[in-house]
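structure_30.cif, holding mmCIF, N, CA and C atoms:
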```cif
data_structure
#
loop_
_atom_site.group_PDB
_atom_site.id
_atom_site.type_symbol
_atom_site.label_atom_id
_atom_site.label_comp_id
_atom_site.auth_asym_id
_atom_site.auth_seq_id
_atom_site.Cartn_x
_atom_site.Cartn_y
_atom_site.Cartn_z
ATOM 1 N N MET A 130 38.316 82.532 129.078
ATOM 2 C CA MET A 130 37.132 81.716 128.943
ATOM 3 C C MET A 130 36.041 82.510 128.248
ATOM 4 N N ASP A 131 35.399 81.880 127.316
ATOM 5 C CA ASP A 131 34.311 82.537 126.613
ATOM 6 C C ASP A 131 33.015 82.255 127.352
ATOM 7 N N ILE A 132 32.472 83.260 127.967
ATOM 8 C CA ILE A 132 31.285 83.116 128.795
ATOM 9 C C ILE A 132 30.073 82.774 127.942
ATOM 10 N N LYS A 133 30.041 83.251 126.704
ATOM 11 C CA LYS A 133 28.907 82.987 125.835
ATOM 12 C C LYS A 133 28.778 81.508 125.506
ATOM 13 N N LYS A 134 29.910 80.799 125.452
ATOM 14 C CA LYS A 134 29.888 79.386 125.111
ATOM 15 C C LYS A 134 29.750 78.492 126.338
ATOM 16 N N ALA A 135 29.696 79.083 127.509
ATOM 17 C CA ALA A 135 29.599 78.303 128.734
ATOM 18 C C ALA A 135 28.202 77.721 128.871
ATOM 19 N N SER A 136 28.133 76.411 128.864
ATOM 20 C CA SER A 136 26.842 75.748 129.072
ATOM 21 C C SER A 136 26.818 75.277 130.524
ATOM 22 N N GLN A 137 26.515 76.202 131.380
ATOM 23 C CA GLN A 137 26.571 75.945 132.810
ATOM 24 C C GLN A 137 25.168 75.877 133.386
ATOM 25 N N ILE A 138 25.096 75.268 134.540
ATOM 26 C CA ILE A 138 23.853 75.264 135.287
ATOM 27 C C ILE A 138 23.663 76.670 135.846
ATOM 28 N N ASN A 139 22.499 77.215 135.655
ATOM 29 C CA ASN A 139 22.226 78.565 136.144
ATOM 30 C C ASN A 139 21.486 78.505 137.472
ATOM 31 N N ASN A 140 21.859 77.515 138.269
ATOM 32 C CA ASN A 140 21.195 77.292 139.537
ATOM 33 C C ASN A 140 22.228 76.737 140.518
ATOM 34 N N THR A 141 21.995 76.942 141.786
ATOM 35 C CA THR A 141 22.926 76.424 142.773
ATOM 36 C C THR A 141 22.566 74.990 143.138
ATOM 37 N N ILE A 142 23.596 74.196 143.397
ATOM 38 C CA ILE A 142 23.404 72.824 143.825
ATOM 39 C C ILE A 142 24.317 72.555 145.015
ATOM 40 N N THR A 143 24.019 71.514 145.759
ATOM 41 C CA THR A 143 24.837 71.146 146.901
ATOM 42 C C THR A 143 26.105 70.455 146.406
ATOM 43 N N ARG A 144 27.230 70.855 146.951
ATOM 44 C CA ARG A 144 28.517 70.291 146.548
ATOM 45 C C ARG A 144 29.099 69.484 147.696
ATOM 46 N N ASP A 145 29.873 68.458 147.367
ATOM 47 C CA ASP A 145 30.558 67.649 148.360
ATOM 48 C C ASP A 145 31.878 68.332 148.705
ATOM 49 N N LEU A 146 32.031 68.748 149.942
ATOM 50 C CA LEU A 146 33.226 69.475 150.365
ATOM 51 C C LEU A 146 34.486 68.631 150.256
ATOM 52 N N SER A 147 34.368 67.335 150.470
ATOM 53 C CA SER A 147 35.560 66.486 150.376
ATOM 54 C C SER A 147 36.080 66.426 148.942
ATOM 55 N N LYS A 148 35.177 66.471 147.949
ATOM 56 C CA LYS A 148 35.613 66.485 146.554
ATOM 57 C C LYS A 148 36.262 67.821 146.197
ATOM 58 N N LEU A 149 35.730 68.911 146.757
ATOM 59 C CA LEU A 149 36.311 70.222 146.469
ATOM 60 C C LEU A 149 37.685 70.388 147.113
ATOM 61 N N SER A 150 37.899 69.750 148.247
ATOM 62 C CA SER A 150 39.183 69.906 148.941
ATOM 63 C C SER A 150 40.242 68.935 148.440
ATOM 64 N N THR A 151 39.882 67.967 147.619
ATOM 65 C CA THR A 151 40.839 66.963 147.152
ATOM 66 C C THR A 151 42.027 67.551 146.379
ATOM 67 N N PRO A 152 41.835 68.446 145.416
ATOM 68 C CA PRO A 152 42.995 68.940 144.655
ATOM 69 C C PRO A 152 44.030 69.691 145.503
ATOM 70 N N THR A 153 43.586 70.429 146.493
ATOM 71 C CA THR A 153 44.518 71.231 147.287
ATOM 72 C C THR A 153 44.831 70.605 148.636
ATOM 73 N N GLY A 154 43.960 69.731 149.106
ATOM 74 C CA GLY A 154 44.154 69.142 150.417
ATOM 75 C C GLY A 154 43.578 69.984 151.537
ATOM 76 N N ASN A 155 42.992 71.125 151.182
ATOM 77 C CA ASN A 155 42.449 72.035 152.178
ATOM 78 C C ASN A 155 41.241 72.745 151.564
ATOM 79 N N ILE A 156 40.107 72.677 152.229
ATOM 80 C CA ILE A 156 38.886 73.282 151.690
ATOM 81 C C ILE A 156 39.006 74.798 151.597
ATOM 82 N N TYR A 157 39.733 75.401 152.527
ATOM 83 C CA TYR A 157 39.860 76.866 152.523
ATOM 84 C C TYR A 157 40.707 77.347 151.343
ATOM 85 N N GLU A 158 41.743 76.593 151.007
ATOM 86 C CA GLU A 158 42.542 76.950 149.827
ATOM 87 C C GLU A 158 41.702 76.797 148.562
ATOM 88 N N SER A 159 40.919 75.732 148.507
ATOM 89 C CA SER A 159 40.058 75.520 147.341
ATOM 90 C C SER A 159 39.054 76.660 147.186
ATOM 91 N N VAL A 160 38.463 77.068 148.290
ATOM 92 C CA VAL A 160 37.486 78.157 148.252
ATOM 93 C C VAL A 160 38.155 79.460 147.813
ATOM 94 N N MET A 161 39.359 79.721 148.297
ATOM 95 C CA MET A 161 40.059 80.951 147.904
ATOM 96 C C MET A 161 40.419 80.940 146.418
ATOM 97 N N ILE A 162 40.807 79.794 145.912
ATOM 98 C CA ILE A 162 41.115 79.688 144.480
ATOM 99 C C ILE A 162 39.869 79.980 143.652
ATOM 100 N N MET A 163 38.743 79.383 144.060
ATOM 101 C CA MET A 163 37.490 79.617 143.332
ATOM 102 C C MET A 163 37.035 81.065 143.473
ATOM 103 N N ALA A 164 37.239 81.668 144.638
ATOM 104 C CA ALA A 164 36.838 83.061 144.846
ATOM 105 C C ALA A 164 37.657 84.010 143.976
ATOM 106 N N LYS A 165 38.953 83.757 143.894
ATOM 107 C CA LYS A 165 39.793 84.615 143.049
ATOM 108 C C LYS A 165 39.412 84.479 141.578
ATOM 109 N N ARG A 166 39.115 83.260 141.155
ATOM 110 C CA ARG A 166 38.706 83.054 139.769
ATOM 111 C C ARG A 166 37.343 83.709 139.495
ATOM 112 N N ALA A 167 36.440 83.630 140.467
ATOM 113 C CA ALA A 167 35.132 84.275 140.309
ATOM 114 C C ALA A 167 35.294 85.779 140.185
ATOM 115 N N ASN A 168 36.209 86.355 140.940
ATOM 116 C CA ASN A 168 36.472 87.795 140.819
ATOM 117 C C ASN A 168 37.012 88.145 139.440
ATOM 118 N N GLN A 169 37.887 87.290 138.890
ATOM 119 C CA GLN A 169 38.406 87.531 137.539
ATOM 120 C C GLN A 169 37.286 87.475 136.503
ATOM 121 N N ILE A 170 36.438 86.475 136.623
ATOM 122 C CA ILE A 170 35.323 86.333 135.674
ATOM 123 C C ILE A 170 34.375 87.525 135.779
ATOM 124 N N ALA A 171 34.068 87.945 137.009
ATOM 125 C CA ALA A 171 33.176 89.090 137.206
ATOM 126 C C ALA A 171 33.773 90.356 136.609
ATOM 127 N N ALA A 172 35.076 90.549 136.762
ATOM 128 C CA ALA A 172 35.732 91.727 136.192
ATOM 129 C C ALA A 172 35.675 91.692 134.666
ATOM 130 N N GLU A 173 35.880 90.511 134.075
ATOM 131 C CA GLU A 173 35.790 90.378 132.623
ATOM 132 C C GLU A 173 34.381 90.689 132.125
ATOM 133 N N MET A 174 33.388 90.150 132.824
ATOM 134 C CA MET A 174 31.997 90.387 132.428
ATOM 135 C C MET A 174 31.633 91.862 132.553
ATOM 136 N N LYS A 175 32.078 92.494 133.630
ATOM 137 C CA LYS A 175 31.775 93.906 133.847
ATOM 138 C C LYS A 175 32.434 94.770 132.782
ATOM 139 N N GLN A 176 33.689 94.456 132.448
ATOM 140 C CA GLN A 176 34.400 95.212 131.426
ATOM 141 C C GLN A 176 33.712 95.061 130.066
ATOM 142 N N GLU A 177 33.285 93.849 129.747
ATOM 143 C CA GLU A 177 32.599 93.604 128.483
ATOM 144 C C GLU A 177 31.257 94.332 128.431
ATOM 145 N N LEU A 178 30.511 94.285 129.526
ATOM 146 C CA LEU A 178 29.216 94.975 129.586
ATOM 147 C C LEU A 178 29.393 96.481 129.467
ATOM 148 N N ASN A 179 30.360 97.028 130.187
ATOM 149 C CA ASN A 179 30.600 98.472 130.113
ATOM 150 C C ASN A 179 31.009 98.899 128.719
ATOM 151 N N ALA A 180 31.791 98.072 128.024
ATOM 152 C CA ALA A 180 32.197 98.404 126.656
ATOM 153 C C ALA A 180 30.982 98.435 125.728
ATOM 154 N N LYS A 181 30.060 97.488 125.907
ATOM 155 C CA LYS A 181 28.870 97.467 125.056
ATOM 156 C C LYS A 181 27.925 98.612 125.381
ATOM 157 N N LEU A 182 27.795 98.945 126.660
ATOM 158 C CA LEU A 182 26.890 100.031 127.045
ATOM 159 C C LEU A 182 27.484 101.409 126.741
ATOM 160 N N GLU A 183 28.794 101.471 126.605
ATOM 161 C CA GLU A 183 29.459 102.732 126.280
ATOM 162 C C GLU A 183 29.000 103.255 124.918
ATOM 163 N N GLU A 184 28.631 102.349 124.030
ATOM 164 C CA GLU A 184 28.157 102.752 122.709
ATOM 165 C C GLU A 184 26.879 103.584 122.796
ATOM 166 N N PHE A 185 26.101 103.362 123.837
ATOM 167 C CA PHE A 185 24.816 104.040 123.969
ATOM 168 C C PHE A 185 24.897 105.324 124.772
ATOM 169 N N SER A 186 26.006 105.547 125.442
ATOM 170 C CA SER A 186 26.088 106.733 126.295
ATOM 171 C C SER A 186 26.327 107.972 125.443
ATOM 172 N N SER A 187 25.686 109.020 125.839
ATOM 173 C CA SER A 187 25.843 110.300 125.168
ATOM 174 C C SER A 187 26.227 111.325 126.224
ATOM 175 N N TYR A 188 27.274 112.036 125.978
ATOM 176 C CA TYR A 188 27.773 112.986 126.969
ATOM 177 C C TYR A 188 26.941 114.264 127.027
ATOM 178 N N ALA A 189 26.117 114.508 126.010
ATOM 179 C CA ALA A 189 25.309 115.718 125.974
ATOM 180 C C ALA A 189 23.976 115.545 126.699
ATOM 181 N N ASP A 190 23.621 114.301 127.018
ATOM 182 C CA ASP A 190 22.335 114.055 127.669
ATOM 183 C C ASP A 190 22.323 114.590 129.093
ATOM 184 N N THR A 191 21.197 115.112 129.458
ATOM 185 C CA THR A 191 20.962 115.491 130.847
ATOM 186 C C THR A 191 19.929 114.527 131.415
ATOM 187 N N LEU A 192 19.591 114.686 132.660
ATOM 188 C CA LEU A 192 18.619 113.790 133.270
ATOM 189 C C LEU A 192 17.262 113.877 132.594
ATOM 190 N N GLU A 193 16.899 115.048 132.114
ATOM 191 C CA GLU A 193 15.602 115.214 131.473
ATOM 192 C C GLU A 193 15.579 114.572 130.082
ATOM 193 N N GLU A 194 16.735 114.474 129.441
ATOM 194 C CA GLU A 194 16.795 113.968 128.082
ATOM 195 C C GLU A 194 17.045 112.464 128.016
ATOM 196 N N THR A 195 17.172 111.821 129.140
ATOM 197 C CA THR A 195 17.454 110.395 129.146
ATOM 198 C C THR A 195 16.235 109.625 128.679
ATOM 199 N N PHE A 196 16.441 108.663 127.796
ATOM 200 C CA PHE A 196 15.347 107.852 127.289
ATOM 201 C C PHE A 196 15.790 106.391 127.271
ATOM 202 N N GLU A 197 14.820 105.510 127.180
ATOM 203 C CA GLU A 197 15.123 104.086 127.174
ATOM 204 C C GLU A 197 15.469 103.640 125.759
ATOM 205 N N ASN A 198 16.513 102.882 125.658
ATOM 206 C CA ASN A 198 16.937 102.335 124.386
ATOM 207 C C ASN A 198 16.684 100.829 124.439
ATOM 208 N N ARG A 199 15.945 100.311 123.489
ATOM 209 C CA ARG A 199 15.570 98.897 123.492
ATOM 210 C C ARG A 199 16.790 97.992 123.396
ATOM 211 N N GLU A 200 17.762 98.332 122.593
ATOM 212 C CA GLU A 200 18.970 97.516 122.469
ATOM 213 C C GLU A 200 19.740 97.472 123.784
ATOM 214 N N GLN A 201 19.798 98.591 124.451
ATOM 215 C CA GLN A 201 20.491 98.673 125.727
ATOM 216 C C GLN A 201 19.807 97.788 126.771
ATOM 217 N N ILE A 202 18.496 97.777 126.759
ATOM 218 C CA ILE A 202 17.747 96.940 127.694
ATOM 219 C C ILE A 202 17.982 95.465 127.380
ATOM 220 N N GLU A 203 18.021 95.097 126.120
ATOM 221 C CA GLU A 203 18.262 93.704 125.737
ATOM 222 C C GLU A 203 19.660 93.250 126.152
ATOM 223 N N ILE A 204 20.652 94.118 126.013
ATOM 224 C CA ILE A 204 22.006 93.780 126.437
ATOM 225 C C ILE A 204 22.051 93.555 127.944
ATOM 226 N N SER A 205 21.385 94.412 128.671
ATOM 227 C CA SER A 205 21.343 94.262 130.127
ATOM 228 C C SER A 205 20.645 92.973 130.537
ATOM 229 N N ARG A 206 19.565 92.652 129.885
ATOM 230 C CA ARG A 206 18.849 91.405 130.191
ATOM 231 C C ARG A 206 19.697 90.191 129.864
ATOM 232 N N TYR A 207 20.443 90.259 128.776
ATOM 233 C CA TYR A 207 21.312 89.146 128.395
ATOM 234 C C TYR A 207 22.325 88.864 129.508
ATOM 235 N N TYR A 208 22.937 89.906 130.030
ATOM 236 C CA TYR A 208 23.941 89.720 131.080
ATOM 237 C C TYR A 208 23.313 89.306 132.408
ATOM 238 N N GLU A 209 22.072 89.677 132.639
ATOM 239 C CA GLU A 209 21.389 89.234 133.852
ATOM 240 C C GLU A 209 21.082 87.745 133.803
ATOM 241 N N ARG A 210 20.877 87.202 132.602
ATOM 242 C CA ARG A 210 20.571 85.778 132.455
ATOM 243 C C ARG A 210 21.816 84.900 132.488
ATOM 244 N N GLN A 211 22.982 85.491 132.372
ATOM 245 C CA GLN A 211 24.220 84.710 132.376
ATOM 246 C C GLN A 211 24.436 84.045 133.732
ATOM 247 N N PRO A 212 25.117 82.892 133.750
ATOM 248 C CA PRO A 212 25.419 82.256 135.037
ATOM 249 C C PRO A 212 26.299 83.161 135.885
ATOM 250 N N LYS A 213 26.149 83.054 137.177
ATOM 251 C CA LYS A 213 26.929 83.872 138.106
ATOM 252 C C LYS A 213 28.401 83.473 138.040
ATOM 253 N N PRO A 214 29.300 84.414 138.256
ATOM 254 C CA PRO A 214 30.734 84.108 138.210
ATOM 255 C C PRO A 214 31.152 83.014 139.193
ATOM 256 N N THR A 215 30.489 82.936 140.341
ATOM 257 C CA THR A 215 30.853 81.894 141.303
ATOM 258 C C THR A 215 30.522 80.506 140.762
ATOM 259 N N LEU A 216 29.395 80.363 140.084
ATOM 260 C CA LEU A 216 29.046 79.072 139.487
ATOM 261 C C LEU A 216 30.037 78.680 138.403
ATOM 262 N N LEU A 217 30.439 79.647 137.592
ATOM 263 C CA LEU A 217 31.426 79.372 136.553
ATOM 264 C C LEU A 217 32.757 78.954 137.163
ATOM 265 N N ALA A 218 33.165 79.634 138.226
ATOM 266 C CA ALA A 218 34.440 79.323 138.871
ATOM 267 C C ALA A 218 34.421 77.937 139.511
ATOM 268 N N VAL A 219 33.327 77.580 140.150
ATOM 269 C CA VAL A 219 33.227 76.252 140.768
ATOM 270 C C VAL A 219 33.276 75.165 139.700
ATOM 271 N N ASN A 220 32.566 75.366 138.601
ATOM 272 C CA ASN A 220 32.587 74.375 137.522
ATOM 273 C C ASN A 220 33.968 74.260 136.885
ATOM 274 N N GLU A 221 34.670 75.374 136.741
ATOM 275 C CA GLU A 221 36.036 75.329 136.219
ATOM 276 C C GLU A 221 36.955 74.582 137.189
ATOM 277 N N PHE A 222 36.788 74.829 138.472
ATOM 278 C CA PHE A 222 37.626 74.167 139.476
ATOM 279 C C PHE A 222 37.361 72.665 139.488
ATOM 280 N N GLU A 223 36.097 72.284 139.413
ATOM 281 C CA GLU A 223 35.764 70.864 139.395
ATOM 282 C C GLU A 223 36.256 70.183 138.121
ATOM 283 N N GLY A 224 36.324 70.908 137.033
ATOM 284 C CA GLY A 224 36.789 70.354 135.766
ATOM 285 C C GLY A 224 38.286 70.495 135.553
ATOM 286 N N ASP A 225 39.016 70.889 136.575
ATOM 287 C CA ASP A 225 40.479 71.088 136.511
ATOM 288 C C ASP A 225 40.882 72.040 135.388
ATOM 289 N N LYS A 226 40.124 73.114 135.215
ATOM 290 C CA LYS A 226 40.425 74.105 134.182
ATOM 291 C C LYS A 226 41.075 75.360 134.756
ATOM 292 N N ILE A 227 41.308 75.383 136.066
ATOM 293 C CA ILE A 227 41.933 76.533 136.707
ATOM 294 C C ILE A 227 43.378 76.184 137.025
ATOM 295 N N TYR A 228 44.280 77.038 136.586
ATOM 296 C CA TYR A 228 45.692 76.858 136.930
ATOM 297 C C TYR A 228 45.966 77.635 138.209
ATOM 298 N N TYR A 229 46.561 76.982 139.159
ATOM 299 C CA TYR A 229 46.952 77.642 140.413
ATOM 300 C C TYR A 229 48.238 77.000 140.898
ATOM 301 N N ARG A 230 48.940 77.740 141.707
ATOM 302 C CA ARG A 230 50.166 77.199 142.301
ATOM 303 C C ARG A 230 50.267 77.682 143.721
ATOM 304 N N LYS A 231 50.867 76.866 144.514
ATOM 305 C CA LYS A 231 51.028 77.177 145.938
ATOM 306 C C LYS A 231 52.451 77.665 146.138
ATOM 307 N N ILE A 232 52.569 78.857 146.660
ATOM 308 C CA ILE A 232 53.885 79.446 146.907
ATOM 309 C C ILE A 232 54.305 79.078 148.316
ATOM 310 N N GLU A 233 55.380 78.360 148.398
ATOM 311 C CA GLU A 233 55.919 77.957 149.703
ATOM 312 C C GLU A 233 56.804 79.072 150.233
ATOM 313 N N SER A 234 56.629 79.400 151.503
ATOM 314 C CA SER A 234 57.464 80.419 152.111
ATOM 315 C C SER A 234 58.761 79.785 152.600
ATOM 316 N N PRO A 235 59.898 80.464 152.361
ATOM 317 C CA PRO A 235 61.175 79.910 152.836
ATOM 318 C C PRO A 235 61.238 79.938 154.356
ATOM 319 N N GLN A 236 61.793 78.890 154.928
ATOM 320 C CA GLN A 236 61.846 78.821 156.385
ATOM 321 C C GLN A 236 63.224 78.987 156.912
#
```
In structure tokens, how does this file's structure come out?
Amino acid sequence: MDIKKASQINNTITRDLSKLSTPTGNIYESVMIMAKRANQIAAEMKQELNAKLEEFSSYADTLEETFENREQIEISRYYERQPKPTLLAVNEFEGDKIYYRKIESPQ
């Protein structure tokens, strides 16, 4: 999923639990699916942010030589304004964009 193209609500809203539990038949399974997807999105965002900030890191710098870089601050602000991974995961789940499968245990 391309997070930059996500036109999501950047605010929390009240959700109907019966609608969230409809696809799986169980609200707890639905919540776990959304939680796992939110963790995936958060890991992707963190990896992308670290890759961009890696360009600014200098291994020769000491604490006294550290200075503020305007581009680095703008990148950080951009990621702070992004919707939270949980909101993205809930919207994906409601839009049937998450693939999941239930593994049945043999009896």
Quick one: pull the distance between atom CA of Leu182 of chain A and atom N of Ser205 of chain A, Å, one decimal. 8.0 Å
Applying 8 Å and all atoms listed in the file, which residues near segment 223-234 of chain A remain after dropping the ones on its own chain fewer than 4 positions away? List them as an mmCIF file with N, CA and C atoms, in the coordinates of the input.
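This is the output file result.cif:
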```cif
data_model
loop_
_atom_site.group_PDB
_atom_site.id
_atom_site.type_symbol
_atom_site.label_atom_id
_atom_site.label_comp_id
_atom_site.auth_asym_id
_atom_site.auth_seq_id
_atom_site.Cartn_x
_atom_site.Cartn_y
_atom_site.Cartn_z
ATOM 1 N N LYS A 148 35.177 66.471 147.949
ATOM 2 C CA LYS A 148 35.613 66.485 146.554
ATOM 3 C C LYS A 148 36.262 67.821 146.197
ATOM 4 N N LEU A 149 35.730 68.911 146.757
ATOM 5 C CA LEU A 149 36.311 70.222 146.469
ATOM 6 C C LEU A 149 37.685 70.388 147.113
ATOM 7 N N ILE A 162 40.807 79.794 145.912
ATOM 8 C CA ILE A 162 41.115 79.688 144.480
ATOM 9 C C ILE A 162 39.869 79.980 143.652
ATOM 10 N N ARG A 166 39.115 83.260 141.155
ATOM 11 C CA ARG A 166 38.706 83.054 139.769
ATOM 12 C C ARG A 166 37.343 83.709 139.495
ATOM 13 N N LEU A 217 30.439 79.647 137.592
ATOM 14 C CA LEU A 217 31.426 79.372 136.553
ATOM 15 C C LEU A 217 32.757 78.954 137.163
ATOM 16 N N ALA A 218 33.165 79.634 138.226
ATOM 17 C CA ALA A 218 34.440 79.323 138.871
ATOM 18 C C ALA A 218 34.421 77.937 139.511
ATOM 19 N N VAL A 219 33.327 77.580 140.150
ATOM 20 C CA VAL A 219 33.227 76.252 140.768
ATOM 21 C C VAL A 219 33.276 75.165 139.700
#
```
Proximity to Thr143 of chain A - best of A:Asn155, A:Ala172, A:Leu216, A:Gln211, only C-alpha atoms: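 Comparing A:Asn155, A:Ala172, A:Leu216, A:Gln211 against Thr143 of chain A, the winner is A:Leu216.
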If you count all atoms listed in the file, which residues fall within 7 Å of Leu146 of chain A, apart from same-chain ones fewer than 4 positions away, as a VMD selection string? chain A and resid 150 to 151 156
Can you tell me how far atom CA of Met174 of chain A sits from atom CA of Thr141 of chain A, in Å to one decimal? 19.6 Å
Please report, as a VMD selection string, each residue of segment 168-229 of chain A to which DSSP assigns alpha helix (DSSP H) when run on this structure's backbone. chain A and resid 168 to 183 199 to 210 214 to 223
How far is it from atom N of Asn168 of chain A to atom C of Thr215 of chain A, in Å with one decimal?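 Taking atom N of Asn168 of chain A and atom C of Thr215 of chain A, their separation equals 8.2 Å.
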